[in-house]
file input.txt (compact mmCIF, C-alpha atoms and all ligand atoms)
# COMPACT_ATOMS: atom_id res chain seq x y z
CA MET A 93 13.53 19.32 -21.84
CA SER A 94 12.96 22.72 -20.26
CA ASP A 95 11.30 22.86 -16.82
CA PRO A 96 9.35 26.17 -16.79
CA PHE A 97 7.58 25.18 -13.57
CA GLN A 98 10.80 24.20 -11.75
CA LEU A 99 9.36 20.85 -10.78
CA GLY A 100 12.79 19.41 -10.01
CA ASP A 101 13.72 22.26 -7.67
CA ARG A 102 10.40 22.17 -5.92
CA LEU A 103 10.61 18.41 -5.39
CA ARG A 104 14.16 18.73 -4.05
CA GLN A 105 13.04 21.42 -1.63
CA ARG A 106 10.17 19.24 -0.44
CA ARG A 107 12.65 16.41 0.26
CA GLU A 108 15.10 18.70 2.06
CA GLN A 109 12.33 19.99 4.31
CA HIS A 110 11.35 16.40 5.25
CA LEU A 111 7.92 17.06 3.76
CA TYR A 112 8.11 14.52 0.92
CA ARG A 113 5.12 12.17 0.76
CA ARG A 114 5.49 8.50 -0.12
CA ARG A 115 2.71 6.08 -0.86
CA ARG A 116 2.52 2.52 0.39
CA ALA A 117 0.79 -0.27 -1.48
CA LEU A 118 -1.79 -2.15 0.54
CA HIS A 119 -2.08 -5.84 -0.32
CA SER A 120 -5.01 -6.68 1.92
CA ALA A 121 -8.42 -5.36 2.88
CA GLN A 122 -8.69 -2.54 5.40
CA GLY A 123 -8.48 -3.72 8.99
CA THR A 124 -6.41 -3.47 12.14
CA HIS A 125 -4.02 -6.06 10.66
CA ILE A 126 -2.95 -5.30 7.12
CA GLN A 127 -0.38 -6.37 4.55
CA CYS A 128 1.56 -3.38 3.37
CA ASP A 129 4.44 -3.51 0.87
CA GLY A 130 4.51 -7.26 1.51
CA LYS A 131 4.77 -6.99 5.32
CA PRO A 132 2.18 -7.57 8.05
CA LEU A 133 1.49 -4.41 10.05
CA LEU A 134 -0.69 -3.40 12.99
CA ASN A 135 -2.64 -0.49 11.54
CA PHE A 136 -3.33 2.73 13.48
CA CYS A 137 -3.77 4.92 10.38
CA SER A 138 -7.10 4.39 8.74
CA ASN A 139 -10.37 6.26 9.27
CA ASP A 140 -12.42 3.04 9.25
CA TYR A 141 -13.36 3.81 12.87
CA LEU A 142 -16.08 1.18 13.22
CA SER A 143 -14.16 -1.50 11.27
CA LEU A 144 -16.91 -1.69 8.66
CA ALA A 145 -14.92 -1.36 5.41
CA ASN A 146 -14.40 -5.12 5.22
CA HIS A 147 -17.65 -6.19 6.92
CA PRO A 148 -19.24 -9.25 5.24
CA ARG A 149 -22.62 -7.53 5.05
CA LEU A 150 -21.21 -4.50 3.22
CA ILE A 151 -19.39 -6.83 0.84
CA SER A 152 -22.49 -8.87 0.07
CA ALA A 153 -24.69 -5.75 -0.33
CA ALA A 154 -22.18 -4.36 -2.85
CA LYS A 155 -21.92 -7.70 -4.70
CA LYS A 156 -25.69 -8.04 -4.93
CA ALA A 157 -26.00 -4.50 -6.30
CA VAL A 158 -23.22 -5.12 -8.83
CA ASN A 159 -25.15 -8.14 -10.09
CA THR A 160 -28.24 -6.01 -10.68
CA PHE A 161 -26.84 -2.58 -11.56
CA GLY A 162 -23.38 -3.36 -12.96
CA VAL A 163 -20.26 -1.50 -11.89
CA GLY A 164 -20.25 2.04 -13.26
CA SER A 165 -23.09 4.51 -12.78
CA GLY A 166 -22.64 5.60 -16.41
CA ALA A 167 -23.31 9.32 -16.07
CA SER A 168 -23.81 12.24 -13.70
CA HIS A 169 -26.87 12.36 -11.42
CA LEU A 170 -28.61 14.90 -13.64
CA VAL A 171 -28.09 12.89 -16.82
CA ILE A 172 -28.89 9.22 -16.12
CA GLY A 173 -26.51 8.22 -13.31
CA HIS A 174 -29.01 8.64 -10.45
CA SER A 175 -30.22 5.13 -9.56
CA CYS A 176 -32.98 4.12 -7.18
CA LEU A 177 -30.22 3.05 -4.75
CA HIS A 178 -28.82 6.60 -4.71
CA GLN A 179 -32.33 7.91 -4.16
CA GLN A 180 -32.96 5.46 -1.31
CA LEU A 181 -29.62 6.34 0.29
CA GLU A 182 -30.36 10.08 0.17
CA GLU A 183 -33.70 9.52 1.87
CA ARG A 184 -32.16 7.24 4.50
CA LEU A 185 -29.32 9.70 5.21
CA ALA A 186 -31.70 12.66 5.61
CA ASP A 187 -33.74 10.61 8.06
CA TRP A 188 -30.59 9.41 9.90
CA VAL A 189 -29.30 12.93 10.58
CA GLY A 190 -32.76 14.45 11.10
CA ARG A 191 -32.93 16.84 8.16
CA PRO A 192 -35.62 17.24 5.47
CA ARG A 193 -33.36 16.23 2.59
CA ALA A 194 -29.87 15.01 1.69
CA LEU A 195 -27.82 15.09 -1.52
CA LEU A 196 -25.04 12.64 -2.40
CA PHE A 197 -21.69 13.92 -3.64
CA SER A 198 -18.95 11.71 -5.08
CA THR A 199 -16.41 12.66 -2.38
CA GLY A 200 -16.25 14.84 0.71
CA TYR A 201 -13.70 17.03 -1.01
CA MET A 202 -16.15 17.67 -3.85
CA ALA A 203 -19.06 18.25 -1.47
CA ASN A 204 -17.19 20.96 0.41
CA MET A 205 -15.90 22.61 -2.76
CA GLY A 206 -19.32 22.38 -4.38
CA VAL A 207 -21.37 23.73 -1.48
CA ILE A 208 -19.20 26.68 -0.53
CA SER A 209 -18.58 27.80 -4.11
CA ALA A 210 -22.30 27.53 -4.95
CA LEU A 211 -23.59 29.38 -1.87
CA LEU A 212 -21.09 32.25 -1.89
CA LYS A 213 -20.09 34.80 -4.48
CA ARG A 214 -17.69 37.71 -4.74
CA GLY A 215 -18.59 40.29 -2.07
CA ASP A 216 -19.80 37.68 0.48
CA THR A 217 -17.68 36.58 3.45
CA VAL A 218 -16.72 33.10 4.62
CA PHE A 219 -15.29 32.60 8.10
CA GLN A 220 -13.25 29.48 8.73
CA ASP A 221 -11.42 27.94 11.67
CA LYS A 222 -7.62 28.19 11.23
CA VAL A 223 -7.26 24.40 11.09
CA ASN A 224 -10.28 23.50 8.93
CA HIS A 225 -9.88 20.73 6.36
CA ALA A 226 -8.18 21.71 3.07
CA SER A 227 -11.35 21.03 1.05
CA LEU A 228 -13.26 23.71 3.01
CA LEU A 229 -10.52 26.26 2.45
CA ASP A 230 -10.28 25.36 -1.24
CA GLY A 231 -14.06 25.78 -1.58
CA ALA A 232 -13.71 29.28 -0.16
CA GLN A 233 -10.96 30.16 -2.66
CA LEU A 234 -13.08 28.90 -5.51
CA SER A 235 -16.10 30.96 -4.42
CA ARG A 236 -14.18 34.26 -4.66
CA ALA A 237 -15.82 35.39 -1.42
CA ARG A 238 -13.63 37.11 1.19
CA LEU A 239 -12.02 34.38 3.32
CA VAL A 240 -11.41 35.21 6.98
CA ARG A 241 -9.75 32.62 9.21
CA TYR A 242 -10.34 32.82 12.98
CA PRO A 243 -8.13 31.30 15.71
CA HIS A 244 -8.88 27.63 16.42
CA CYS A 245 -12.24 27.23 18.21
CA ASP A 246 -12.26 30.89 19.35
CA THR A 247 -15.96 31.76 19.27
CA GLU A 248 -15.47 35.16 20.93
CA HIS A 249 -13.05 36.18 18.21
CA LEU A 250 -15.49 34.90 15.59
CA GLN A 251 -18.30 36.91 17.19
CA ARG A 252 -16.25 40.13 16.95
CA LEU A 253 -15.43 39.43 13.31
CA LEU A 254 -19.06 38.71 12.47
CA SER A 255 -20.39 41.82 14.17
CA ALA A 256 -17.95 43.93 12.14
CA THR A 257 -19.21 42.42 8.85
CA ASP A 258 -22.30 43.43 6.93
CA THR A 259 -22.11 41.11 3.91
CA PRO A 260 -23.92 37.76 3.63
CA SER A 261 -21.77 35.45 5.76
CA LEU A 262 -21.13 31.73 6.09
CA VAL A 263 -19.23 30.28 9.04
CA VAL A 264 -17.60 26.93 8.27
CA THR A 265 -16.05 24.43 10.65
CA ASP A 266 -15.01 20.81 10.99
CA SER A 267 -17.00 19.15 13.82
CA ILE A 268 -14.15 16.87 14.92
CA PHE A 269 -10.91 18.40 13.62
CA SER A 270 -9.24 15.86 11.38
CA MET A 271 -5.66 16.31 12.58
CA ASP A 272 -6.34 17.27 16.22
CA GLY A 273 -9.35 15.16 17.15
CA ASP A 274 -10.99 17.88 19.26
CA VAL A 275 -14.59 19.05 18.74
CA ALA A 276 -15.67 22.56 17.69
CA PRO A 277 -17.77 24.50 20.26
CA LEU A 278 -20.83 24.12 18.05
CA MET A 279 -23.51 25.18 20.49
CA ASP A 280 -21.79 28.53 21.13
CA MET A 281 -21.02 28.91 17.44
CA ALA A 282 -24.65 28.24 16.47
CA ARG A 283 -25.87 30.87 18.94
CA THR A 284 -23.31 33.39 17.68
CA CYS A 285 -24.23 32.77 14.05
CA GLN A 286 -27.94 33.17 14.72
CA ASN A 287 -27.35 36.42 16.63
CA GLU A 288 -25.24 37.75 13.78
CA ASN A 289 -27.50 36.52 11.00
CA ALA A 290 -24.84 34.21 9.50
CA TRP A 291 -25.27 30.60 8.38
CA LEU A 292 -23.25 27.81 9.98
CA MET A 293 -21.89 24.92 7.89
CA VAL A 294 -20.50 21.88 9.73
CA ASP A 295 -18.25 19.22 8.17
CA ASP A 296 -18.93 16.07 10.22
CA ALA A 297 -16.57 13.77 8.27
CA HIS A 298 -15.12 12.36 11.51
CA GLY A 299 -18.27 12.61 13.64
CA LEU A 300 -20.84 10.63 11.63
CA GLY A 301 -20.92 7.05 12.95
CA VAL A 302 -18.93 8.07 16.04
CA LEU A 303 -20.86 10.82 17.86
CA GLY A 304 -24.57 10.94 18.76
CA ARG A 305 -24.96 7.13 18.81
CA GLY A 306 -23.74 7.07 15.21
CA LYS A 307 -26.05 9.84 14.02
CA GLY A 308 -23.27 12.40 14.19
CA VAL A 309 -22.65 15.73 15.82
CA LEU A 310 -26.15 17.14 15.21
CA ALA A 311 -27.64 14.39 17.38
CA GLU A 312 -24.80 14.59 19.93
CA TYR A 313 -25.55 18.26 20.68
CA ASN A 314 -29.18 18.35 19.62
CA LEU A 315 -28.52 20.98 16.95
CA SER A 316 -31.58 22.06 14.98
CA GLN A 317 -31.94 23.06 11.33
CA SER A 318 -31.71 26.75 12.27
CA ASP A 319 -28.58 26.08 14.38
CA VAL A 320 -26.81 24.33 11.49
CA PRO A 321 -28.44 25.12 8.12
CA VAL A 322 -25.72 23.27 6.17
CA TYR A 323 -24.56 19.82 7.32
CA MET A 324 -21.98 17.76 5.42
CA ALA A 325 -20.56 14.33 6.22
CA THR A 326 -18.59 11.61 4.46
CA LEU A 327 -19.31 7.91 3.95
CA GLY A 328 -15.69 6.78 3.50
CA LYS A 329 -14.66 6.95 7.15
CA ALA A 330 -16.71 5.43 10.02
CA LEU A 331 -19.30 4.11 7.56
CA GLY A 332 -16.62 2.08 5.78
CA SER A 333 -17.94 2.94 2.32
CA TYR A 334 -17.31 5.86 -0.03
CA GLY A 335 -18.77 9.24 -0.97
CA ALA A 336 -20.34 12.09 0.95
CA PHE A 337 -23.58 14.01 1.41
CA VAL A 338 -24.98 17.37 2.34
CA ALA A 339 -28.17 17.61 4.41
CA GLY A 340 -30.47 20.55 5.00
CA SER A 341 -33.66 22.23 3.88
CA ASP A 342 -35.54 21.43 0.70
CA ASP A 343 -34.42 24.82 -0.72
CA LEU A 344 -30.75 24.16 0.09
CA ILE A 345 -30.79 20.78 -1.66
CA GLU A 346 -32.69 22.08 -4.71
CA PHE A 347 -30.26 25.00 -4.90
CA LEU A 348 -27.26 22.63 -4.87
CA ILE A 349 -28.81 20.44 -7.56
CA GLN A 350 -29.14 23.55 -9.75
CA PHE A 351 -25.88 25.36 -8.95
CA SER A 352 -23.25 23.12 -7.36
CA ARG A 353 -20.73 22.42 -10.11
CA SER A 354 -18.95 19.50 -8.41
CA TYR A 355 -22.37 17.86 -8.07
CA ILE A 356 -23.53 18.56 -11.60
CA TYR A 357 -20.42 17.89 -13.66
CA THR A 358 -19.24 14.53 -12.36
CA THR A 359 -20.18 10.87 -12.62
CA ALA A 360 -22.38 9.55 -9.80
CA ILE A 361 -20.77 7.06 -7.39
CA PRO A 362 -21.32 3.43 -8.41
CA PRO A 363 -24.76 2.16 -7.29
CA ALA A 364 -23.05 -0.74 -5.47
CA ILE A 365 -21.29 1.79 -3.25
CA ALA A 366 -24.66 3.34 -2.42
CA ALA A 367 -25.90 -0.17 -1.53
CA ALA A 368 -22.92 -0.68 0.79
CA SER A 369 -23.61 2.67 2.49
CA LEU A 370 -27.25 1.67 3.03
CA GLU A 371 -26.03 -1.55 4.67
CA SER A 372 -23.68 0.47 6.87
CA LEU A 373 -26.58 2.53 8.17
CA SER A 374 -28.45 -0.67 9.07
CA LEU A 375 -25.36 -1.97 10.87
CA LEU A 376 -25.13 1.25 12.89
CA GLU A 377 -28.58 0.32 14.25
CA THR A 378 -28.08 -3.42 14.71
CA GLU A 379 -24.42 -3.55 15.77
CA THR A 380 -24.44 -0.62 18.19
CA TRP A 381 -21.72 -2.43 20.17
CA ARG A 382 -19.24 -1.12 17.58
CA ILE A 383 -19.81 2.47 18.69
CA ASP A 384 -19.61 1.49 22.39
CA ARG A 385 -16.46 -0.51 21.73
CA LEU A 386 -14.79 2.41 19.92
CA HIS A 387 -15.54 4.76 22.82
CA SER A 388 -14.26 2.28 25.37
CA LEU A 389 -11.02 1.93 23.36
CA ILE A 390 -10.68 5.73 23.21
CA ASP A 391 -10.96 5.84 27.05
CA TYR A 392 -8.51 2.95 27.36
CA PHE A 393 -6.00 4.61 25.02
CA ARG A 394 -6.12 7.90 26.92
CA ARG A 395 -5.71 6.25 30.31
CA ALA A 396 -2.90 3.99 29.09
CA ALA A 397 -1.07 6.90 27.38
CA ALA A 398 -1.40 9.13 30.46
CA ALA A 399 -0.08 6.31 32.66
CA ARG A 400 3.04 6.23 30.44
CA GLN A 401 3.33 10.03 30.65
CA LEU A 402 2.78 10.40 26.93
CA PRO A 403 1.61 13.89 25.88
CA ILE A 404 -2.03 13.25 24.94
CA LEU A 405 -4.13 16.13 23.59
CA SER A 406 -7.69 16.95 24.67
CA SER A 407 -9.29 14.77 21.97
CA GLN A 408 -12.14 12.47 23.05
CA SER A 409 -12.51 11.13 19.50
CA ALA A 410 -11.01 8.24 17.54
CA ILE A 411 -8.24 10.61 16.39
CA GLN A 412 -5.49 10.70 19.04
CA PRO A 413 -2.46 12.67 17.85
CA PHE A 414 0.89 13.13 19.56
CA LYS A 415 2.45 16.47 18.67
CA ILE A 416 6.13 16.18 17.75
CA GLY A 417 6.84 19.61 16.21
CA ASP A 418 9.79 18.85 13.96
CA SER A 419 8.89 17.14 10.64
CA GLU A 420 12.12 15.17 10.41
CA ARG A 421 11.64 13.69 13.89
CA ALA A 422 7.98 12.85 13.16
CA VAL A 423 9.04 10.90 10.04
CA GLN A 424 11.82 9.18 11.96
CA ILE A 425 9.42 8.04 14.68
CA SER A 426 6.90 6.81 12.14
CA GLU A 427 9.62 4.83 10.31
CA LYS A 428 10.89 3.28 13.53
CA LEU A 429 7.35 2.26 14.46
CA GLN A 430 6.93 0.67 11.05
CA ALA A 431 10.17 -1.27 11.51
CA CYS A 432 8.54 -2.64 14.70
CA GLY A 433 5.45 -3.68 12.71
CA ILE A 434 3.20 -0.72 13.61
CA LEU A 435 1.75 1.74 11.11
CA VAL A 436 1.18 5.32 12.29
CA GLY A 437 1.24 8.28 9.91
CA ALA A 438 3.53 11.30 10.35
CA ILE A 439 1.40 14.33 9.49
CA ARG A 440 3.41 17.34 8.41
CA PRO A 441 2.90 20.82 6.92
CA PRO A 442 1.09 21.93 4.86
CA THR A 443 -1.54 19.49 6.22
CA VAL A 444 -0.87 20.96 9.68
CA PRO A 445 0.66 24.34 10.66
CA VAL A 446 4.45 24.79 10.50
CA ASN A 447 6.33 23.28 13.47
CA THR A 448 3.36 21.16 14.54
CA ALA A 449 4.16 17.85 12.81
CA ARG A 450 2.49 15.01 14.62
CA LEU A 451 1.79 11.32 14.75
CA ARG A 452 -1.87 10.78 13.97
CA ILE A 453 -3.12 7.63 15.68
CA THR A 454 -6.61 6.48 14.77
CA LEU A 455 -8.52 3.86 16.72
CA GLN A 456 -10.97 1.31 15.33
CA ALA A 457 -13.63 -0.87 16.96
CA ASP A 458 -11.63 -4.00 16.06
CA HIS A 459 -8.49 -2.94 17.92
CA GLN A 460 -7.65 -4.87 21.08
CA GLU A 461 -6.43 -3.33 24.34
CA ILE A 462 -3.26 -5.41 24.10
CA GLU A 463 -2.52 -3.85 20.69
CA ILE A 464 -2.91 -0.37 22.16
CA ASP A 465 -0.45 -1.36 24.90
CA GLN A 466 1.93 -2.65 22.24
CA LEU A 467 1.69 0.64 20.34
CA LEU A 468 2.22 2.79 23.43
CA ASP A 469 5.12 0.71 24.79
CA THR A 470 6.84 0.85 21.41
CA LEU A 471 6.21 4.60 21.22
CA VAL A 472 7.75 5.20 24.63
CA SER A 473 10.90 3.38 23.56
CA VAL A 474 11.04 5.09 20.13
CA PHE A 475 10.47 8.53 21.72
CA HIS A 476 13.37 7.78 24.03
CA GLN A 477 15.67 6.66 21.19
CA THR A 478 14.88 9.67 18.96
CA ASP A 479 15.26 12.08 21.92
CA GLN A 480 18.81 10.95 22.42
CA GLN A 481 19.88 11.29 18.80
N1 LIG B 501 -13.58 16.85 5.40
C1 LIG B 501 -12.76 16.36 6.34
C2 LIG B 501 -12.80 16.98 7.70
C3 LIG B 501 -11.91 15.29 6.05
O1 LIG B 501 -11.08 14.82 6.99
C4 LIG B 501 -11.93 14.73 4.75
C5 LIG B 501 -11.06 13.54 4.38
N2 LIG B 501 -9.78 13.55 4.81
C6 LIG B 501 -12.78 15.29 3.80
C7 LIG B 501 -13.59 16.34 4.15
C8 LIG B 501 -12.79 14.77 2.39
O2 LIG B 501 -13.57 13.62 2.30
P1 LIG B 501 -13.31 12.58 1.11
O3 LIG B 501 -12.16 11.75 1.54
O4 LIG B 501 -14.60 11.82 1.02
O5 LIG B 501 -13.03 13.38 -0.10
call {"tool": "encode", "arguments": {"input": "input.txt", "output": "structure tokens", "more": "lines below"}}
Ligand code: PMP
result
Amino acid sequence: MSDPFQLGDRLRQRREQHLYRRRRALHSAQGTHIQCDGKPLLNFCSNDYLSLANHPRLISAAKKAVNTFGVGSGASHLVIGHSCLHQQLEERLADWVGRPRALLFSTGYMANMGVISALLKRGDTVFQDKVNHASLLDGAQLSRARLVRYPHCDTEHLQRLLSATDTPSLVVTDSIFSMDGDVAPLMDMARTCQNENAWLMVDDAHGLGVLGRGKGVLAEYNLSQSDVPVYMATLGKALGSYGAFVAGSDDLIEFLIQFSRSYIYTTAIPPAIAAASLESLSLLETETWRIDRLHSLIDYFRRAAAARQLPILSSQSAIQPFKIGDSERAVQISEKLQACGILVGAIRPPTVPVNTARLRITLQADHQEIEIDQLLDTLVSVFHQTDQQ
């Protein structure tokens, strides 16, 4: 068979560059201790920051909703897929993040694609941080607006770019950067955007449930509707569920319902998933110890890593990467950790810039200090071994 797209060559190249991705099959629920490819592993990879994905109350909320509403939602929101549970969740989410309205999307990827491509058109300009999430960049491509990327967290540079632009402009940023764990300078950015008459969109996928006592980055920094007209967050990370939402003004939400193609042309998430997300929000209020516990583990991790002279970054979030640089070495370290029973992902280009491969360690409320020590001690020894090769 002919191969007009040179799939074979491109796959070979990917392997040679140590950028090949392999999947693992999980044989257990999410948690700090998982069964992966038949082996028990201590998990430092998942985004279930508050250890809610396998919480008995989420499970029973989902089961109860399945009994009433069945499994599939049956259609898109605009046809007949929008259940009263979706409606209730949208109202609860809007209230939780302090915005007039919220709109559910089936995934965060689709929310970002759908919002940016609906708001912007050819001739407009979208400014994005150099290391924004892929879904934000893809949304910009789809919109056909001019895409301008500014150096990571450089608000002064952004300000100069904005003042030299006279088209309608949207500035887009992750709140907590997914592969670095640091936080965007949102207060400065909001001021700059208002001065330059641009809108600011914030993707709080890694901040909701973690920052602002669980209410996310808007609450953490007291950011108003005019500071951040477009807020997006996901439900599949700290909330332990699935899906995403956008929050903002009544006009923004109505506009998205009318024009956002990844909202309109897709099946609504199962109602049982909406029920689980509602339960998650209740748990954020009643089990606030989870948020405190996560933050105390983040402090513990940073102190313990510094004491072992490991090269921690400036992240104060649940994402604590160690930069390795070389992709081959990052994979080697990750494989050696796995052989010692510890799961840490090696993140490589194109997910991160060239020569900045890293180990991405994520912490969860259910981790124990002794497990963090185990991880760091093993890392020290594996770093040493791979240094000498
Ligand atoms: N934005 C950011 C910053 C993310 O890290 C992710 C998930 N990796 C997404 C959006 C996409 O969310 P989802 O997994 O719900 O599609």
call {"tool": "closest_residue", "arguments": {"input": "input.txt", "among": "A:Glu427, A:Asp266, A:Asp458, A:Glu346", "to": "ligand LIG 501 (chain B)", "atoms": "only C-alpha atoms and all ligand atoms"}}
result
A:Asp266
call {"tool": "closest_residue", "arguments": {"input": "input.txt", "among": "A:Lys155, A:Lys131, A:His225, A:Arg305", "to": "ligand LIG 501 (chain B)", "atoms": "all atoms listed in the file"}}
result
A:His225
call {"tool": "closest_residue", "arguments": {"input": "input.txt", "among": "A:Ser255, A:Thr378, A:Gln412, A:Ser209", "to": "Arg394 (chain A)", "atoms": "only C-alpha atoms"}}
result
A:Gln412
call {"tool": "residues_near_ligand", "arguments": {"input": "input.txt", "ligand": "ligand LIG 501 (chain B)", "cutoff": "10 Å", "atoms": "only C-alpha atoms and all ligand atoms", "output": "count of residues only"}}
result
40
call {"tool": "closest_residue", "arguments": {"input": "input.txt", "among": "A:Glu420, A:Asp384, A:Asp230, A:Glu248", "to": "Arg283 (chain A)", "atoms": "only C-alpha atoms"}}
result
A:Glu248
